[in-house]
>>> print(open('run-v8.txt').read())   # compact mmCIF, C-alpha atoms (C1' of nucleotides)
# COMPACT_ATOMS: atom_id res chain seq x y z
CA MET Z 3 24.03 -33.09 106.04
CA PRO Z 4 24.96 -33.52 109.59
CA GLU Z 5 24.14 -31.02 112.29
CA LEU Z 6 24.78 -31.67 115.96
CA PRO Z 7 22.07 -34.34 116.40
CA GLU Z 8 23.33 -36.41 113.47
CA VAL Z 9 26.91 -36.17 114.72
CA GLU Z 10 25.88 -37.11 118.26
CA VAL Z 11 23.71 -39.98 117.07
CA THR Z 12 26.63 -41.22 115.00
CA ARG Z 13 28.97 -40.93 117.98
CA ARG Z 14 26.67 -42.88 120.27
CA SER Z 15 26.17 -45.57 117.67
CA PHE Z 16 29.81 -46.65 117.56
CA ALA Z 17 31.67 -45.16 120.53
CA ASP Z 18 31.28 -48.18 122.79
CA ALA Z 19 31.97 -50.65 120.02
CA ILE Z 20 35.23 -49.04 118.97
CA ALA Z 21 36.63 -48.08 122.38
CA GLY Z 22 39.72 -50.11 123.09
CA ALA Z 23 40.09 -51.35 119.52
CA ARG Z 24 43.60 -51.64 118.12
CA VAL Z 25 44.42 -50.03 114.77
CA LEU Z 26 45.50 -52.49 112.10
CA GLU Z 27 45.57 -50.21 109.09
CA LEU Z 28 44.47 -46.83 107.81
CA ARG Z 29 43.28 -46.48 104.24
CA LEU Z 30 42.66 -43.23 102.39
CA GLY Z 31 40.66 -42.41 99.28
CA LYS Z 32 40.52 -39.03 97.59
CA PRO Z 33 41.63 -35.96 99.52
CA LEU Z 34 39.15 -34.47 101.94
CA ARG Z 35 39.00 -30.84 103.00
CA TRP Z 36 42.43 -30.83 104.62
CA PRO Z 37 45.42 -33.15 104.56
CA LEU Z 38 45.43 -35.86 107.21
CA GLY Z 39 48.63 -34.53 108.73
CA VAL Z 40 50.06 -37.88 109.78
CA THR Z 41 51.37 -40.96 108.03
CA PRO Z 42 48.85 -43.80 108.15
CA GLN Z 43 51.66 -46.19 109.08
CA SER Z 44 52.37 -44.30 112.30
CA LEU Z 45 48.90 -45.02 113.68
CA VAL Z 46 49.13 -48.79 113.39
CA GLY Z 47 49.04 -50.51 116.75
CA ARG Z 48 47.47 -47.61 118.65
CA ARG Z 49 44.34 -48.05 120.73
CA VAL Z 50 41.14 -46.12 120.16
CA GLY Z 51 39.91 -44.22 123.21
CA GLU Z 52 36.53 -42.81 124.08
CA VAL Z 53 35.00 -40.95 121.12
CA ARG Z 54 33.94 -37.43 122.02
CA ARG Z 55 32.01 -34.66 120.28
CA ARG Z 56 32.53 -30.91 120.22
CA GLY Z 57 30.00 -29.05 118.13
CA LYS Z 58 29.81 -30.97 114.87
CA TYR Z 59 33.30 -32.41 115.28
CA LEU Z 60 34.17 -35.85 116.57
CA TRP Z 61 37.38 -36.56 118.43
CA LEU Z 62 38.77 -40.06 118.08
CA PRO Z 63 41.57 -40.48 120.61
CA LEU Z 64 44.57 -42.52 119.47
CA GLU Z 65 46.91 -41.72 122.33
CA PRO Z 66 49.15 -39.94 122.16
CA GLY Z 67 47.01 -37.67 119.97
CA GLY Z 68 43.92 -38.37 117.94
CA LEU Z 69 41.86 -37.66 114.87
CA LEU Z 70 39.41 -34.82 114.54
CA LEU Z 71 36.59 -35.73 112.17
CA HIS Z 72 34.01 -33.55 110.49
CA LEU Z 73 31.24 -34.88 108.28
CA GLY Z 74 30.84 -31.72 106.20
CA MET Z 75 27.67 -31.63 104.13
CA SER Z 76 27.49 -35.17 102.86
CA GLY Z 77 29.62 -37.29 105.15
CA SER Z 78 28.60 -40.31 107.18
CA LEU Z 79 30.47 -42.85 109.26
CA ALA Z 80 29.92 -46.57 109.30
CA PHE Z 81 31.37 -49.01 111.82
CA ARG Z 82 31.11 -52.63 110.81
CA GLU Z 83 32.79 -55.89 111.67
CA HIS Z 84 33.10 -56.70 108.02
CA ALA Z 85 32.94 -53.81 105.60
CA PRO Z 86 32.08 -54.30 101.94
CA PRO Z 87 34.69 -53.25 99.36
CA ALA Z 88 35.32 -49.51 99.38
CA GLY Z 89 33.26 -47.44 96.94
CA PRO Z 90 34.18 -44.28 95.06
CA HIS Z 91 33.01 -42.03 97.92
CA ASP Z 92 34.82 -43.83 100.70
CA HIS Z 93 37.77 -41.61 101.58
CA PHE Z 94 38.88 -42.72 105.02
CA GLU Z 95 38.88 -46.09 106.68
CA LEU Z 96 40.34 -47.12 110.00
CA LEU Z 97 40.66 -50.89 110.15
CA THR Z 98 40.80 -52.21 113.70
CA ASP Z 99 40.67 -55.57 115.40
CA ARG Z 100 37.02 -54.84 116.22
CA GLY Z 101 35.92 -53.69 112.80
CA SER Z 102 36.19 -50.97 110.21
CA LEU Z 103 35.34 -47.31 110.71
CA ARG Z 104 34.69 -45.79 107.31
CA LEU Z 105 33.90 -42.27 106.21
CA THR Z 106 31.77 -41.96 103.09
CA ASP Z 107 31.55 -38.42 101.75
CA PRO Z 108 30.54 -37.74 98.14
CA ARG Z 109 31.12 -33.99 98.27
CA ARG Z 110 34.33 -34.22 100.31
CA PHE Z 111 33.58 -31.16 102.42
CA GLY Z 112 34.34 -33.37 105.38
CA ALA Z 113 37.67 -33.67 107.11
CA VAL Z 114 39.87 -36.01 109.09
CA VAL Z 115 42.81 -34.27 110.71
CA TRP Z 116 45.49 -35.54 113.03
CA SER Z 117 46.17 -33.51 116.14
CA ASP Z 118 48.55 -34.17 119.02
CA ALA Z 119 45.80 -33.05 121.40
CA LEU Z 120 42.41 -31.36 121.40
CA ASP Z 121 44.00 -28.21 122.77
CA ALA Z 122 46.91 -28.29 120.33
CA ASP Z 123 46.83 -27.24 116.69
CA PRO Z 124 45.30 -27.96 114.31
CA ALA Z 125 42.41 -29.15 116.47
CA ALA Z 126 42.64 -26.16 118.78
CA LYS Z 127 42.48 -23.76 115.85
CA LEU Z 128 39.49 -25.53 114.33
CA LEU Z 129 37.61 -25.58 117.62
CA ALA Z 130 38.58 -22.07 118.63
CA GLY Z 131 35.69 -19.65 118.43
CA LEU Z 132 33.03 -22.32 118.80
CA GLY Z 133 30.17 -21.28 121.03
CA LEU Z 134 28.78 -23.15 124.02
CA GLU Z 135 27.40 -26.63 123.72
CA PRO Z 136 23.59 -26.35 123.67
CA PHE Z 137 23.26 -28.73 126.62
CA ASP Z 138 25.82 -26.86 128.68
CA ALA Z 139 24.10 -25.36 131.71
CA ARG Z 140 25.78 -22.04 130.93
CA PHE Z 141 23.85 -21.80 127.66
CA ASP Z 142 20.78 -19.82 128.59
CA GLY Z 143 18.85 -16.71 127.62
CA ALA Z 144 21.41 -14.41 129.17
CA HIS Z 145 24.28 -15.98 127.24
CA LEU Z 146 22.35 -15.90 123.99
CA HIS Z 147 21.18 -12.35 124.51
CA ALA Z 148 24.71 -11.18 125.28
CA GLY Z 149 26.07 -12.96 122.22
CA LEU Z 150 23.52 -11.30 119.95
CA SER Z 151 24.18 -7.79 121.15
CA GLY Z 152 25.71 -5.50 118.56
CA ARG Z 153 24.99 -7.87 115.72
CA ARG Z 154 23.08 -6.51 112.81
CA VAL Z 155 22.70 -9.73 110.85
CA ALA Z 156 19.42 -11.60 110.95
CA ILE Z 157 18.83 -13.79 114.00
CA LYS Z 158 18.82 -16.92 111.82
CA GLN Z 159 22.32 -16.18 110.54
CA ALA Z 160 23.62 -15.34 113.99
CA LEU Z 161 22.34 -18.68 115.27
CA LEU Z 162 23.88 -20.52 112.34
CA ALA Z 163 27.27 -18.88 112.84
CA GLY Z 164 27.96 -21.17 115.78
CA ASP Z 165 30.01 -18.76 117.83
CA ILE Z 166 27.28 -18.26 120.44
CA VAL Z 167 25.95 -21.79 120.56
CA VAL Z 168 27.06 -24.72 118.42
CA GLY Z 169 25.07 -27.41 116.74
CA ALA Z 170 22.07 -25.77 115.13
CA GLY Z 171 22.57 -25.96 111.39
CA ASN Z 172 20.11 -24.94 108.73
CA ILE Z 173 17.34 -27.37 109.65
CA TYR Z 174 17.41 -26.92 113.41
CA ALA Z 175 17.94 -23.16 113.30
CA CYS Z 176 14.72 -22.90 111.28
CA GLU Z 177 12.89 -25.28 113.59
CA ALA Z 178 14.08 -23.56 116.77
CA LEU Z 179 12.99 -20.15 115.50
CA PHE Z 180 9.59 -21.56 114.65
CA ARG Z 181 9.25 -23.10 118.08
CA ALA Z 182 10.19 -19.81 119.71
CA GLY Z 183 7.82 -17.84 117.44
CA ILE Z 184 10.59 -15.60 116.15
CA ASP Z 185 10.82 -14.24 112.61
CA PRO Z 186 14.15 -15.42 111.16
CA ARG Z 187 14.66 -11.98 109.56
CA LEU Z 188 14.67 -10.18 112.90
CA GLN Z 189 17.89 -8.31 113.44
CA ALA Z 190 19.91 -10.25 116.01
CA GLN Z 191 20.55 -7.37 118.37
CA ARG Z 192 16.85 -6.58 118.50
CA LEU Z 193 15.81 -9.84 120.12
CA SER Z 194 14.51 -8.99 123.57
CA ARG Z 195 15.95 -10.65 126.65
CA PRO Z 196 12.76 -12.64 127.39
CA ARG Z 197 12.59 -13.86 123.80
CA ALA Z 198 16.26 -14.85 123.95
CA GLY Z 199 15.32 -17.03 126.89
CA ARG Z 200 12.61 -18.68 124.87
CA LEU Z 201 14.93 -19.16 121.90
CA ALA Z 202 17.68 -20.71 124.00
CA LEU Z 203 15.15 -23.15 125.38
CA ALA Z 204 13.83 -23.89 121.90
CA VAL Z 205 17.33 -24.61 120.57
CA ARG Z 206 17.99 -27.04 123.40
CA GLU Z 207 14.64 -28.74 123.05
CA ILE Z 208 14.81 -29.09 119.28
CA LEU Z 209 18.31 -30.53 119.35
CA ALA Z 210 17.44 -32.91 122.19
CA GLN Z 211 14.31 -34.03 120.39
CA ALA Z 212 16.31 -34.61 117.20
CA VAL Z 213 18.93 -36.71 119.00
CA GLU Z 214 16.07 -38.68 120.52
CA ALA Z 215 14.63 -39.26 117.05
CA GLY Z 216 17.96 -40.52 115.73
CA GLY Z 217 18.61 -37.34 113.75
CA THR Z 218 17.14 -36.19 110.45
CA THR Z 219 17.37 -38.36 107.35
CA LEU Z 220 16.46 -36.22 104.36
CA ARG Z 221 18.39 -38.18 101.80
CA ASP Z 222 20.98 -40.49 103.16
CA PHE Z 223 21.90 -39.89 106.79
CA LYS Z 224 22.50 -43.13 108.68
CA ASP Z 225 24.20 -43.74 112.00
CA ALA Z 226 27.31 -45.91 112.16
CA HIS Z 227 25.17 -49.05 112.08
CA GLY Z 228 23.13 -47.92 109.11
CA VAL Z 229 20.04 -46.82 111.04
CA ALA Z 230 18.16 -43.82 109.59
CA GLY Z 231 16.79 -40.95 111.70
CA SER Z 232 13.19 -39.84 111.84
CA PHE Z 233 13.20 -36.21 112.96
CA GLN Z 234 12.15 -35.14 109.45
CA MET Z 235 8.70 -36.46 110.39
CA GLN Z 236 8.53 -33.85 113.15
CA ALA Z 237 9.84 -30.91 111.15
CA GLN Z 238 7.37 -28.04 111.32
CA VAL Z 239 8.84 -25.74 108.67
CA TYR Z 240 12.05 -27.07 107.10
CA GLY Z 241 11.49 -28.15 103.51
CA ARG Z 242 7.77 -27.35 103.68
CA GLU Z 243 7.56 -24.32 101.40
CA GLY Z 244 3.97 -23.70 100.32
CA GLU Z 245 2.56 -26.32 102.67
CA PRO Z 246 0.21 -25.22 105.44
CA CYS Z 247 1.68 -24.35 108.81
CA LEU Z 248 0.79 -27.20 111.14
CA VAL Z 249 -0.31 -24.68 113.76
CA CYS Z 250 -2.22 -22.01 111.85
CA GLY Z 251 -2.54 -23.22 108.26
CA THR Z 252 -0.71 -20.28 106.70
CA PRO Z 253 1.54 -21.44 103.81
CA ILE Z 254 5.17 -21.88 104.92
CA ARG Z 255 7.47 -19.42 103.21
CA ARG Z 256 11.01 -19.95 101.90
CA ILE Z 257 13.49 -17.10 101.73
CA VAL Z 258 17.25 -16.96 101.23
CA GLN Z 259 19.51 -15.64 103.97
CA GLY Z 260 23.27 -15.73 103.61
CA GLN Z 261 22.86 -17.96 100.56
CA ARG Z 262 20.99 -20.58 102.59
CA SER Z 263 17.29 -21.39 102.49
CA THR Z 264 15.20 -20.35 105.47
CA TYR Z 265 11.71 -21.71 106.06
CA TYR Z 266 9.27 -20.02 108.37
CA CYS Z 267 5.61 -19.36 109.09
CA PRO Z 268 4.87 -15.71 108.33
CA SER Z 269 1.97 -15.80 110.76
CA CYS Z 270 3.34 -17.67 113.78
CA GLN Z 271 6.77 -16.05 113.73
CA LYS Z 272 6.96 -12.37 114.69
CA ARG Z 273 9.63 -9.73 114.36
C1' DA H 21 34.68 -6.38 114.81
C1' DC H 22 31.39 -7.18 111.60
C1' DA H 23 29.12 -8.45 107.24
C1' DA H 24 28.74 -9.98 102.40
C1' DC H 25 30.49 -13.11 99.30
C1' DC H 26 33.11 -17.03 97.37
C1' DG H 27 34.67 -21.57 96.89
C1' DC H 28 35.25 -26.24 97.97
C1' DC H 29 32.86 -30.97 95.44
C1' DT H 30 29.32 -34.21 93.71
C1' DG H 31 24.70 -35.67 93.14
C1' DT H 32 19.83 -34.95 92.29
C1' DC H 33 15.90 -32.91 90.55
C1' DA H 34 12.89 -29.63 87.94
C1' DG H 35 12.19 -27.45 83.70
C1' DC H 36 12.82 -27.03 78.90
C1' DT C 28 16.83 -38.54 76.30
C1' DG C 29 19.76 -34.86 77.23
C1' DC C 30 21.09 -30.40 78.63
C1' DT C 31 21.13 -26.52 82.09
C1' DG C 32 20.57 -24.40 86.24
C1' DA C 33 19.21 -24.46 90.98
C1' DC C 34 19.93 -26.45 95.08
C1' DA C 35 21.72 -29.45 99.05
C1' DG C 36 22.41 -30.94 106.07
C1' DG C 37 28.99 -26.77 106.53
C1' DC C 38 32.45 -23.71 107.11
C1' DG C 39 36.99 -21.34 106.26
C1' DG C 40 38.91 -17.55 103.71
C1' DT C 41 38.89 -13.12 101.42
C1' DT C 42 37.29 -8.66 100.76
C1' DG C 43 35.29 -4.29 102.02
>>> encode(input="run-v8.txt", output="structure tokens")
Amino acid sequence: MPELPEVEVTRRSFADAIAGARVLELRLGKPLRWPLGVTPQSLVGRRVGEVRRRGKYLWLPLEPGGLLLHLGMSGSLAFREHAPPAGPHDHFELLTDRGSLRLTDPRRFGAVVWSDALDADPAAKLLAGLGLEPFDARFDGAHLHAGLSGRRVAIKQALLAGDIVVGAGNIYACEALFRAGIDPRLQAQRLSRPRAGRLALAVREILAQAVEAGGTTLRDFKDAHGVAGSFQMQAQVYGREGEPCLVCGTPIRRIVQGQRSTYYCPSCQKR
DNA sequence: ACAACCGCCTGTCAGC
DNA sequence: TGCTGACAGGCGGTTG
């Protein structure tokens, strides 16, 4: 589910409300992707710091140390003063004196992992190898072009890999390539330097626009206050197989790359 | 170093 | 109605 915009929208929706809250209790449901790595009891009484984001991860400081959260494919966070009884897909809940932060994740690809610091394991290991943040000034055409050199996979897959730039998942990678007019099947190393500049800009713009729109709600994404996103209304290609391109009218095509669906306009997007 | 797969889970939807 | 298979917003691990 959640790509960078959804994670960022979630972060913004509860960061201020939870900052400074004192932990009363930690409740766990079924196991998530990895073990928590700390006893719930040991977190009681700690104060929540300023929630941060790195890529699609959230860092919830509970000095000394903190929790690294990932929403996986189907996870969402809710922060409420009074939470309803936990359901079968609620697998993590931090009860504080300001309210309850709860992770709901039907598929359980998500994770909540204790780490003594962001630059200590396991957080450091999970974050190692992540590319630049898309809104980092260092992320530009030159960085993207350099990152793509020597790579023979398709540009779409290289973008998705997240080691050059983080945050563009399946939806936004498709949308950014459309915006930049680049065929998703183009071999990564064959993207020219000028086109890399255009693609870097497109990635930034698409992600910024999606954050602005509150993220994409295809099925069930909601921010921590239950507000849905609306970027799906602006999607040009994602999920539009067979429908006319909004620019040229050519039917949008769906292909499979790396076992993921790619949507693109065969007329607007060139190799 | 890179690339192609696999698996983790559950829910939903299309087709028969 | 029920069954089956495809598919879903991510990503780490294994294999070649």
>>> closest_atom_pairs(input="run-v8.txt", of="chain H", to="chain Z", cutoff="9 Å", atoms="all atoms listed in the file", output="Markdown table")
| residue | atom | partner | partner_atom | distance |
| --- | --- | --- | --- | --- |
| H:DC22 | C1' | Z:Arg153 | CA | 7.6 |
| H:DA23 | C1' | Z:Val155 | CA | 7.5 |
| H:DA24 | C1' | Z:Gly260 | CA | 8.0 |
| H:DC25 | C1' | Z:Gly260 | CA | 8.8 |
| H:DC28 | C1' | Z:Phe111 | CA | 6.8 |
| H:DC29 | C1' | Z:Arg109 | CA | 4.5 |
| H:DT30 | C1' | Z:Arg109 | CA | 4.9 |
| H:DG31 | C1' | Z:Pro108 | CA | 8.0 |
>>> closest_residue(input="run-v8.txt", among="Z:Ala210, Z:Leu150, Z:Val229, Z:Val258", to="Arg192 (chain Z)", atoms="only C-alpha atoms")
Z:Leu150
>>> interface_residues(input="run-v8.txt", of="chain Z", to="chain C", cutoff="7 Å", atoms="all atoms listed in the file", output="list in words")
Met3, Pro4, Glu5, Gly74, Met75 and Asn172 of chain Z
>>> write_last_selection(input="run-v8.txt", atoms="C-alpha atoms", output="mmCIF file, in the frame of the given file")
data_model
loop_
_atom_site.group_PDB
_atom_site.id
_atom_site.type_symbol
_atom_site.label_atom_id
_atom_site.label_comp_id
_atom_site.auth_asym_id
_atom_site.auth_seq_id
_atom_site.Cartn_x
_atom_site.Cartn_y
_atom_site.Cartn_z
ATOM 1 C CA MET Z 3 24.030 -33.090 106.040
ATOM 2 C CA PRO Z 4 24.960 -33.520 109.590
ATOM 3 C CA GLU Z 5 24.140 -31.020 112.290
ATOM 4 C CA GLY Z 74 30.840 -31.720 106.200
ATOM 5 C CA MET Z 75 27.670 -31.630 104.130
ATOM 6 C CA ASN Z 172 20.110 -24.940 108.730
#
>>> residues_around(input="run-v8.txt", residues="region 77-85 of chain Z", least_positions_apart="3", cutoff="9 Å", atoms="all atoms listed in the file", output="VMD selection string")
chain Z and resid 3 to 4 9 12 15 to 16 19 to 20 72 to 74 88 99 to 112 222 to 228
>>> residues_around(input="run-v8.txt", residues="Gly131 (chain Z)", least_positions_apart="3", cutoff="12 Å", atoms="all atoms listed in the file", output="list in words")
Arg56, Gly57, Ala125, Ala126, Lys127, Leu128, Leu134, Ala163, Gly164, Asp165, Ile166, Val167 and Val168 of chain Z
>>> atom_distance(input="run-v8.txt", atom1="CA of Ala182 (chain Z)", atom2="CA of Thr218 (chain Z)")
20.1 Å
>>> atom_distance(input="run-v8.txt", atom1="CA of Val213 (chain Z)", atom2="CA of Lys58 (chain Z)")
13.0 Å
>>> atom_distance(input="run-v8.txt", atom1="CA of Gln259 (chain Z)", atom2="CA of Leu129 (chain Z)")
24.8 Å
>>> closest_residue(input="run-v8.txt", among="Z:Leu201, Z:Ala23, Z:Met235, Z:Ala17", to="Gly216 (chain Z)", atoms="all atoms listed in the file")
Z:Met235
